[in-house]
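Only one structure is covered here, and it is reproduced in the block below.
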Amino acid sequence: MTDHIDDASRTEAFFTLHHRLPRQSPGSDATTRRLLALAGPLPDRPRVLDLGCGPGRAALLLAAEAGAEVTAVDLHQPFLDELDQAAEARGLGDRIRTVRADMGDLTGPGFPAGSFDLIWAEGSAYCIGFATAVREWQRLLAPGGAMVISECVWTTDAPSAGARDFWDRNGSPRTLPETTAAAVAAGCTVSAVLLQPDSDWDTYYVPLAERVESADPTAPGMEWALAATREELAVRRAYGAEYGYAAYVLRPADPRWTTRPETAADREAVHAVNSAAFPTRDEADLVDALRADAEAWLPELSYVAEAPDGSVAAYALLTRCRIEDAPALALAPVATSPAHQRQGAGQAVVRAALDAARVRGEALVVVLGDPDYYARFRCVPASRYGIRPGFEVPDEAMMALVLDDSVPLPVGMIRYPAAFGV
């Protein structure tokens, strides 16, 4: 009974420290707006489920600026009361509905399958685990819906012992590639990843540090809460460059297509798909030539999409290229057999290949092609990054996609493998 009382006191002390703070995790209105843009386009009056909403900073912004109808979920009733008050004060009471519920058990009548256009979880998914959240929340999405979930990640492959010790006791972050792999294994494809800026931590920690200094240490459980919070603040000061929050925009993978790396048994079918998809056999021969180039060929990034009968319906290839001397990836060719075109097979196989590249830790992809088509994958003109081809081509057709914005991007001329002949 004493342990139970102690746990309850500690929980209450923790919430007391956080009441009326502007945020309950690293974030900012600017980051929320950036993520909202990455998640779009959305329908008019999108139905948004904000999980672990806290006092509702994101919920208020989504209701006000996206015109969303927000269902805001949290287990701590005082946070929901704060949100209700703020929503009424801002004239958003008809746009925000608060629900006291467990984000790990959304099986009640208020959470039918396919009922939300956007699921939002800033800094809260850790409560049930990132992979569990991604896997279980998908069923709530309407067709075309997206999830925005942020997660603490390592930003170094070799964390310091002090940082590792703290996080082994408080959540055990993954690296960005490992977190991506968890999302993919849970059945999603990655539309975008945003590593949140250091300033997002300041908006959370500066007010929290002030609260720590003014808190009453004699309140039940407060001594523990203050010690734990001071340790967290000290670890951030000492090792903040080694970890951060990454926000993922995720969508369920297209269930119509099974995607996977090619095998040796697929080579004839891959050649046939490329031959059928283009006017000549040049692209099919290009794949064979790249396969023979040990410096360019990355076997795990040669991807196929299977039709329901198991045949190869579409193909996408990423090979090693360079921007000056820095490694990057070239996306080419992308091909769909005529029988399966305009059915989503091409998009499915491209997304799967790009996810595989993220899992490898790749940072940048370049592609020459139809701007309207590749914009679906968030490709933009490569010239925006100071990247250019070594041949004449319309600026809008030479595109780039940043997979990891936590590393510096190379600048200069694209150097393709010799098989491209450019």
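Each chain in the structure tokens gets a letter, A, B, ..., in the order shown, and its residues are numbered from 1; ligands are numbered from 1 in order too.
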
Need to verify the contact set: Val304 of chain A, 6 Å, only C-alpha atoms, exclusion of same-chain residues closer than 4 positions in sequence. Can you return it as a list in words?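 Here the qualifying residues turn out to be Thr259, Arg260, Glu262, Ala314 and Tyr315 of chain A.
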
Would you mind writing down, as a PyMOL selection string, each residue of segment 154-257 of chain A that DSSP on the backbone assigns to helix (DSSP H, G or I)? chain A and resi 161-168+176-185+198-214+222-242

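In this comparison, which uses only C-alpha atoms, the residue of A:Gly108, A:Arg100, A:Gly244, A:Val193 approaching Trp154 of chain A most closely is A:Gly244.
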
Any idea what's packed within 8 Å of segment 245-249 of chain A, counting only C-alpha atoms, ignoring anything in its chain fewer than 2 positions away? Could you give it as a compact mmCIF listing (two decimals) with all heavy atoms, in the first residue's frame?
# COMPACT_ATOMS: atom_id res chain seq x y z
N PRO A 26 9.08 18.73 -26.31
CA PRO A 26 9.70 19.67 -27.25
C PRO A 26 8.82 19.90 -28.47
O PRO A 26 8.28 18.96 -29.07
CB PRO A 26 11.00 18.95 -27.65
CG PRO A 26 11.30 18.08 -26.48
CD PRO A 26 9.97 17.61 -25.98
N LEU A 35 4.66 20.58 -39.96
CA LEU A 35 4.16 19.21 -40.05
C LEU A 35 2.77 19.16 -40.68
O LEU A 35 2.45 18.24 -41.44
CB LEU A 35 4.13 18.58 -38.66
CG LEU A 35 5.50 18.32 -38.04
CD1 LEU A 35 5.38 17.92 -36.59
CD2 LEU A 35 6.24 17.25 -38.83
N LEU A 38 3.33 19.28 -44.30
CA LEU A 38 3.85 18.02 -44.80
C LEU A 38 2.78 16.94 -44.85
O LEU A 38 2.84 16.03 -45.68
CB LEU A 38 5.02 17.55 -43.93
CG LEU A 38 6.31 18.36 -44.02
CD1 LEU A 38 7.30 17.91 -42.96
CD2 LEU A 38 6.93 18.26 -45.41
N ALA A 39 1.80 17.04 -43.98
CA ALA A 39 0.74 16.02 -43.93
C ALA A 39 -0.33 16.23 -44.99
O ALA A 39 -1.09 15.31 -45.29
CB ALA A 39 0.09 16.03 -42.55
N GLU A 122 2.19 14.50 -30.95
CA GLU A 122 3.46 15.19 -30.70
C GLU A 122 3.97 14.82 -29.31
O GLU A 122 3.36 15.18 -28.31
CB GLU A 122 3.29 16.71 -30.81
CG GLU A 122 3.16 17.23 -32.22
CD GLU A 122 3.31 18.75 -32.29
OE1 GLU A 122 4.35 19.27 -31.82
OE2 GLU A 122 2.39 19.42 -32.79
N ALA A 146 -3.41 10.29 -42.90
CA ALA A 146 -1.99 10.29 -42.51
C ALA A 146 -1.87 10.36 -41.00
O ALA A 146 -2.80 10.79 -40.30
CB ALA A 146 -1.26 11.47 -43.15
N MET A 147 -0.72 9.93 -40.51
CA MET A 147 -0.38 10.07 -39.10
C MET A 147 0.86 10.93 -38.95
O MET A 147 1.81 10.79 -39.74
CB MET A 147 -0.11 8.70 -38.47
CG MET A 147 -1.30 7.76 -38.47
SD MET A 147 -1.01 6.24 -37.50
CE MET A 147 0.16 5.38 -38.57
N VAL A 148 0.85 11.82 -37.98
CA VAL A 148 2.03 12.61 -37.62
C VAL A 148 2.41 12.21 -36.20
O VAL A 148 1.66 12.45 -35.25
CB VAL A 148 1.75 14.12 -37.70
CG1 VAL A 148 2.93 14.91 -37.16
CG2 VAL A 148 1.43 14.53 -39.13
N ILE A 149 3.57 11.55 -36.08
CA ILE A 149 4.00 11.01 -34.79
C ILE A 149 5.45 11.41 -34.57
O ILE A 149 6.30 11.15 -35.41
CB ILE A 149 3.88 9.47 -34.77
CG1 ILE A 149 2.44 9.03 -35.10
CG2 ILE A 149 4.31 8.93 -33.42
CD1 ILE A 149 2.28 7.52 -35.18
N SER A 150 5.73 12.05 -33.44
CA SER A 150 7.11 12.41 -33.13
C SER A 150 7.69 11.43 -32.12
O SER A 150 6.98 10.87 -31.28
CB SER A 150 7.20 13.85 -32.62
OG SER A 150 6.50 14.00 -31.40
N GLU A 151 9.00 11.25 -32.22
CA GLU A 151 9.68 10.25 -31.41
C GLU A 151 11.11 10.71 -31.13
O GLU A 151 11.77 11.26 -32.01
CB GLU A 151 9.71 8.91 -32.17
CG GLU A 151 10.46 7.78 -31.51
CD GLU A 151 9.73 7.16 -30.33
OE1 GLU A 151 8.74 7.75 -29.86
OE2 GLU A 151 10.14 6.07 -29.88
N CYS A 152 11.58 10.47 -29.92
CA CYS A 152 12.96 10.80 -29.59
C CYS A 152 13.89 9.80 -30.28
O CYS A 152 13.65 8.58 -30.25
CB CYS A 152 13.16 10.76 -28.08
SG CYS A 152 14.73 11.49 -27.55
N VAL A 153 14.94 10.31 -30.92
CA VAL A 153 15.87 9.46 -31.67
C VAL A 153 17.31 9.87 -31.36
O VAL A 153 17.59 11.01 -31.01
CB VAL A 153 15.64 9.58 -33.20
CG1 VAL A 153 14.24 9.11 -33.58
CG2 VAL A 153 15.88 11.01 -33.69
N LEU A 176 17.52 7.30 -36.39
CA LEU A 176 16.54 7.60 -37.43
C LEU A 176 16.29 6.40 -38.35
O LEU A 176 15.13 6.04 -38.60
CB LEU A 176 16.99 8.81 -38.24
CG LEU A 176 16.60 10.19 -37.72
CD1 LEU A 176 17.38 11.28 -38.47
CD2 LEU A 176 15.11 10.43 -37.87
N VAL A 190 6.83 6.02 -45.27
CA VAL A 190 7.22 7.33 -44.73
C VAL A 190 7.05 8.39 -45.81
O VAL A 190 7.70 8.32 -46.86
CB VAL A 190 8.69 7.29 -44.24
CG1 VAL A 190 9.10 8.67 -43.72
CG2 VAL A 190 8.86 6.23 -43.17
N SER A 191 6.18 9.37 -45.54
CA SER A 191 6.02 10.48 -46.48
C SER A 191 7.03 11.57 -46.24
O SER A 191 7.49 12.23 -47.17
CB SER A 191 4.60 11.06 -46.36
OG SER A 191 3.64 10.15 -46.82
N ALA A 192 7.39 11.79 -44.97
CA ALA A 192 8.35 12.85 -44.64
C ALA A 192 8.86 12.63 -43.22
O ALA A 192 8.17 12.01 -42.39
CB ALA A 192 7.71 14.23 -44.76
N VAL A 193 10.06 13.13 -42.97
CA VAL A 193 10.64 13.12 -41.63
C VAL A 193 11.20 14.51 -41.36
O VAL A 193 11.91 15.07 -42.20
CB VAL A 193 11.76 12.08 -41.48
CG1 VAL A 193 12.29 12.07 -40.05
CG2 VAL A 193 11.29 10.69 -41.87
N LEU A 194 10.89 15.05 -40.21
CA LEU A 194 11.40 16.36 -39.81
C LEU A 194 12.12 16.23 -38.49
O LEU A 194 11.50 15.87 -37.47
CB LEU A 194 10.24 17.37 -39.68
CG LEU A 194 10.61 18.75 -39.14
CD1 LEU A 194 11.52 19.49 -40.12
CD2 LEU A 194 9.36 19.58 -38.86
N LEU A 195 13.43 16.47 -38.49
CA LEU A 195 14.17 16.52 -37.24
C LEU A 195 13.94 17.89 -36.63
O LEU A 195 14.31 18.92 -37.21
CB LEU A 195 15.66 16.29 -37.48
CG LEU A 195 16.51 16.10 -36.22
CD1 LEU A 195 16.09 14.84 -35.47
CD2 LEU A 195 17.98 16.05 -36.56
N GLN A 196 13.32 17.91 -35.47
CA GLN A 196 12.91 19.18 -34.88
C GLN A 196 14.12 20.00 -34.44
O GLN A 196 15.12 19.45 -33.96
CB GLN A 196 11.96 18.94 -33.70
CG GLN A 196 10.67 18.28 -34.12
CD GLN A 196 9.73 18.00 -32.96
OE1 GLN A 196 9.03 17.00 -32.95
NE2 GLN A 196 9.70 18.88 -31.98
N TYR A 243 20.92 13.55 -29.32
CA TYR A 243 19.57 13.05 -29.50
C TYR A 243 18.62 14.21 -29.78
O TYR A 243 18.94 15.38 -29.53
CB TYR A 243 19.09 12.24 -28.28
CG TYR A 243 19.04 13.00 -26.98
CD1 TYR A 243 17.88 13.66 -26.57
CD2 TYR A 243 20.15 13.06 -26.14
CE1 TYR A 243 17.83 14.36 -25.37
CE2 TYR A 243 20.11 13.75 -24.94
CZ TYR A 243 18.94 14.38 -24.55
OH TYR A 243 18.90 15.07 -23.36
N ARG A 251 1.88 7.07 -43.75
CA ARG A 251 0.64 6.60 -44.36
C ARG A 251 0.67 5.08 -44.46
O ARG A 251 1.73 4.51 -44.69
CB ARG A 251 0.45 7.21 -45.75
CG ARG A 251 0.04 8.67 -45.71
CD ARG A 251 -0.21 9.25 -47.10
NE ARG A 251 -0.88 10.53 -47.00
CZ ARG A 251 -0.27 11.68 -46.74
NH1 ARG A 251 1.04 11.68 -46.57
NH2 ARG A 251 -0.94 12.80 -46.65

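In this structure, atom CA of Phe377 of chain A sits 16.3 Å away from atom CA of Leu42 of chain A.
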
Set the distance at 7 Å and use only C-alpha atoms: which residues neighbour segment 338-346 of chain A once local chain neighbours fewer than 2 positions away are removed? I'd like the list as a PyMOL selection string. chain A and resi 257+276-277+305+313-314+335-336+348-350

Based on the selection just made, write N, CA and C atoms of those residues as a short mmCIF file (atom, residue, chain, number, x, y, z; two decimals), in the first residue's frame.
data_model
loop_
_atom_site.label_atom_id
_atom_site.label_comp_id
_atom_site.auth_asym_id
_atom_site.auth_seq_id
_atom_site.Cartn_x
_atom_site.Cartn_y
_atom_site.Cartn_z
N TRP A 257 -0.60 -4.04 -53.14
CA TRP A 257 0.67 -4.44 -53.73
C TRP A 257 1.64 -4.90 -52.65
N ALA A 276 8.64 -3.59 -71.55
CA ALA A 276 7.25 -3.32 -71.91
C ALA A 276 6.81 -1.91 -71.56
N ALA A 277 7.44 -1.33 -70.54
CA ALA A 277 6.98 -0.02 -70.05
C ALA A 277 7.52 1.14 -70.88
N ALA A 305 7.24 -4.63 -57.18
CA ALA A 305 5.88 -4.74 -56.63
C ALA A 305 5.22 -5.94 -57.29
N ALA A 313 4.76 -6.60 -61.15
CA ALA A 313 3.90 -5.59 -61.76
C ALA A 313 4.62 -4.27 -61.97
N ALA A 314 5.60 -3.96 -61.12
CA ALA A 314 6.29 -2.68 -61.21
C ALA A 314 7.68 -2.81 -60.63
N ALA A 335 9.38 1.64 -63.57
CA ALA A 335 8.60 1.05 -64.66
C ALA A 335 7.42 0.26 -64.10
N THR A 336 6.28 0.33 -64.79
CA THR A 336 5.10 -0.46 -64.46
C THR A 336 4.63 -1.18 -65.72
N ALA A 348 3.59 2.58 -55.29
CA ALA A 348 3.88 1.68 -54.17
C ALA A 348 5.33 1.22 -54.18
N VAL A 349 5.86 0.89 -55.37
CA VAL A 349 7.22 0.38 -55.42
C VAL A 349 8.24 1.50 -55.22
N VAL A 350 7.94 2.71 -55.69
CA VAL A 350 8.84 3.84 -55.43
C VAL A 350 8.88 4.14 -53.94
#

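Atom CA of Trp167 of chain A is found 11.1 Å from atom CA of Tyr239 of chain A.
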
Running DSSP on the backbone, which parts of segment 84-278 of chain A land in strand (DSSP E or B), as a ChimeraX atom specification? /A:96-100,116-121,141-154,174-175,188-195,243-252,258-261

Residues near Thr258 of chain A, cut-off 8 Å, only C-alpha atoms, skip fewer than 3 positions along chain, as a list in words: Pro255, Ala305, Glu306 and Ala307 of chain A

Print the selection's residues with all heavy atoms to a file, as a PDB file, in the first residue's frame.
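Final file, out_11.pdb:
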ATOM      1  N   PRO A 255      -2.350  -1.662 -49.620  1.00  0.00           N
ATOM      2  CA  PRO A 255      -2.510  -3.108 -49.400  1.00  0.00           C
ATOM      3  C   PRO A 255      -2.661  -3.910 -50.685  1.00  0.00           C
ATOM      4  O   PRO A 255      -2.591  -5.144 -50.655  1.00  0.00           O
ATOM      5  CB  PRO A 255      -3.786  -3.186 -48.551  1.00  0.00           C
ATOM      6  CG  PRO A 255      -4.570  -1.973 -48.934  1.00  0.00           C
ATOM      7  CD  PRO A 255      -3.548  -0.902 -49.201  1.00  0.00           C
ATOM      8  N   ALA A 305       7.237  -4.627 -57.175  1.00  0.00           N
ATOM      9  CA  ALA A 305       5.878  -4.739 -56.628  1.00  0.00           C
ATOM     10  C   ALA A 305       5.223  -5.940 -57.287  1.00  0.00           C
ATOM     11  O   ALA A 305       5.252  -6.074 -58.512  1.00  0.00           O
ATOM     12  CB  ALA A 305       5.070  -3.469 -56.903  1.00  0.00           C
ATOM     13  N   GLU A 306       4.641  -6.805 -56.475  1.00  0.00           N
ATOM     14  CA  GLU A 306       3.999  -7.999 -56.980  1.00  0.00           C
ATOM     15  C   GLU A 306       2.511  -7.761 -57.219  1.00  0.00           C
ATOM     16  O   GLU A 306       1.831  -7.149 -56.393  1.00  0.00           O
ATOM     17  CB  GLU A 306       4.142  -9.154 -55.990  1.00  0.00           C
ATOM     18  CG  GLU A 306       5.531  -9.713 -55.845  1.00  0.00           C
ATOM     19  CD  GLU A 306       5.562 -10.904 -54.896  1.00  0.00           C
ATOM     20  OE1 GLU A 306       4.499 -11.218 -54.311  1.00  0.00           O
ATOM     21  OE2 GLU A 306       6.625 -11.511 -54.734  1.00  0.00           O
ATOM     22  N   ALA A 307       2.015  -8.269 -58.331  1.00  0.00           N
ATOM     23  CA  ALA A 307       0.578  -8.319 -58.574  1.00  0.00           C
ATOM     24  C   ALA A 307      -0.029  -9.417 -57.693  1.00  0.00           C
ATOM     25  O   ALA A 307       0.694 -10.245 -57.122  1.00  0.00           O
ATOM     26  CB  ALA A 307       0.310  -8.606 -60.044  1.00  0.00           C
TER      27      ALA A 307
END

Measuring between only C-alpha atoms, which one of A:Ala326, A:Ala269, A:Leu403, A:Ala253 shows the shortest distance to Val312 of chain A? A:Ala269

Extract, using only C-alpha atoms, all DNA, RNA and protein residues at most 10 Å from Asp355 of chain A, discarding same-chain residues fewer than 2 positions from it, and format them as a VMD selection string. chain A and resid 177 180 to 181 183 to 184 188 to 191 301 349 to 353 357 to 362 403

Can you list every residue of segment 12-65 of chain A that has an atom at most 10 Å from segment 206-223 of chain A, with its nearest atom pair and the distance in Å to one decimal, using only C-alpha atoms, ordered by chain then number, as a tab-separated table?
residue	atom	partner	partner_atom	distance
A:Glu12	CA	A:Gly221	CA	7.5
A:Ala13	CA	A:Met222	CA	5.1
A:Phe14	CA	A:Met222	CA	7.4
A:Thr16	CA	A:Met222	CA	8.7
A:Leu17	CA	A:Arg211	CA	6.5
A:His18	CA	A:Leu208	CA	7.2
A:His19	CA	A:Arg211	CA	9.6
A:Arg20	CA	A:Pro207	CA	9.9
A:Leu21	CA	A:Pro207	CA	6.7
A:Pro22	CA	A:Pro207	CA	7.8
A:Arg23	CA	A:Pro207	CA	8.8
A:Gln24	CA	A:Leu208	CA	9.1

Emit the selected residues as a tab-separated table (two decimals), in the first residue's frame, including N, CA, C and O atoms.
chain	number	residue	atom	x	y	z
A	12	GLU	N	1.24	12.58	-9.24
A	12	GLU	CA	0.60	13.87	-9.01
A	12	GLU	C	1.62	14.99	-8.97
A	12	GLU	O	1.40	16.08	-9.51
A	13	ALA	N	2.78	14.73	-8.38
A	13	ALA	CA	3.84	15.74	-8.34
A	13	ALA	C	4.35	16.05	-9.74
A	13	ALA	O	4.60	17.21	-10.09
A	14	PHE	N	4.48	15.01	-10.55
A	14	PHE	CA	4.92	15.22	-11.93
A	14	PHE	C	3.95	16.13	-12.68
A	14	PHE	O	4.36	17.09	-13.34
A	16	THR	N	1.84	18.21	-11.37
A	16	THR	CA	1.86	19.55	-10.77
A	16	THR	C	2.97	20.39	-11.37
A	16	THR	O	2.79	21.59	-11.66
A	17	LEU	N	4.14	19.78	-11.60
A	17	LEU	CA	5.25	20.51	-12.22
A	17	LEU	C	4.88	20.99	-13.63
A	17	LEU	O	5.37	22.03	-14.08
A	18	HIS	N	4.03	20.25	-14.32
A	18	HIS	CA	3.75	20.54	-15.72
A	18	HIS	C	2.47	21.32	-15.96
A	18	HIS	O	2.24	21.76	-17.09
A	19	HIS	N	1.65	21.49	-14.92
A	19	HIS	CA	0.41	22.23	-15.13
A	19	HIS	C	0.69	23.67	-15.59
A	19	HIS	O	1.56	24.35	-15.08
A	20	ARG	N	-0.09	24.08	-16.59
A	20	ARG	CA	-0.06	25.45	-17.11
A	20	ARG	C	1.24	25.80	-17.81
A	20	ARG	O	1.49	26.98	-18.10
A	21	LEU	N	2.08	24.81	-18.10
A	21	LEU	CA	3.23	25.07	-18.96
A	21	LEU	C	2.75	25.15	-20.41
A	21	LEU	O	1.76	24.52	-20.79
A	22	PRO	N	3.44	25.91	-21.27
A	22	PRO	CA	2.98	26.05	-22.65
A	22	PRO	C	3.03	24.75	-23.43
A	22	PRO	O	2.23	24.54	-24.35
A	23	ARG	N	3.96	23.84	-23.08
A	23	ARG	CA	4.08	22.57	-23.80
A	23	ARG	C	4.49	21.46	-22.84
A	23	ARG	O	5.09	21.72	-21.80
A	24	GLN	N	4.15	20.23	-23.25
A	24	GLN	CA	4.49	19.07	-22.44
A	24	GLN	C	5.59	18.22	-23.06
A	24	GLN	O	5.94	17.17	-22.55

Min atom-atom distance to Thr31 of chain A from the set A:Ala89, A:Ala163, A:Leu51, A:Ala58, counting only C-alpha atoms, belongs to A:Ala58
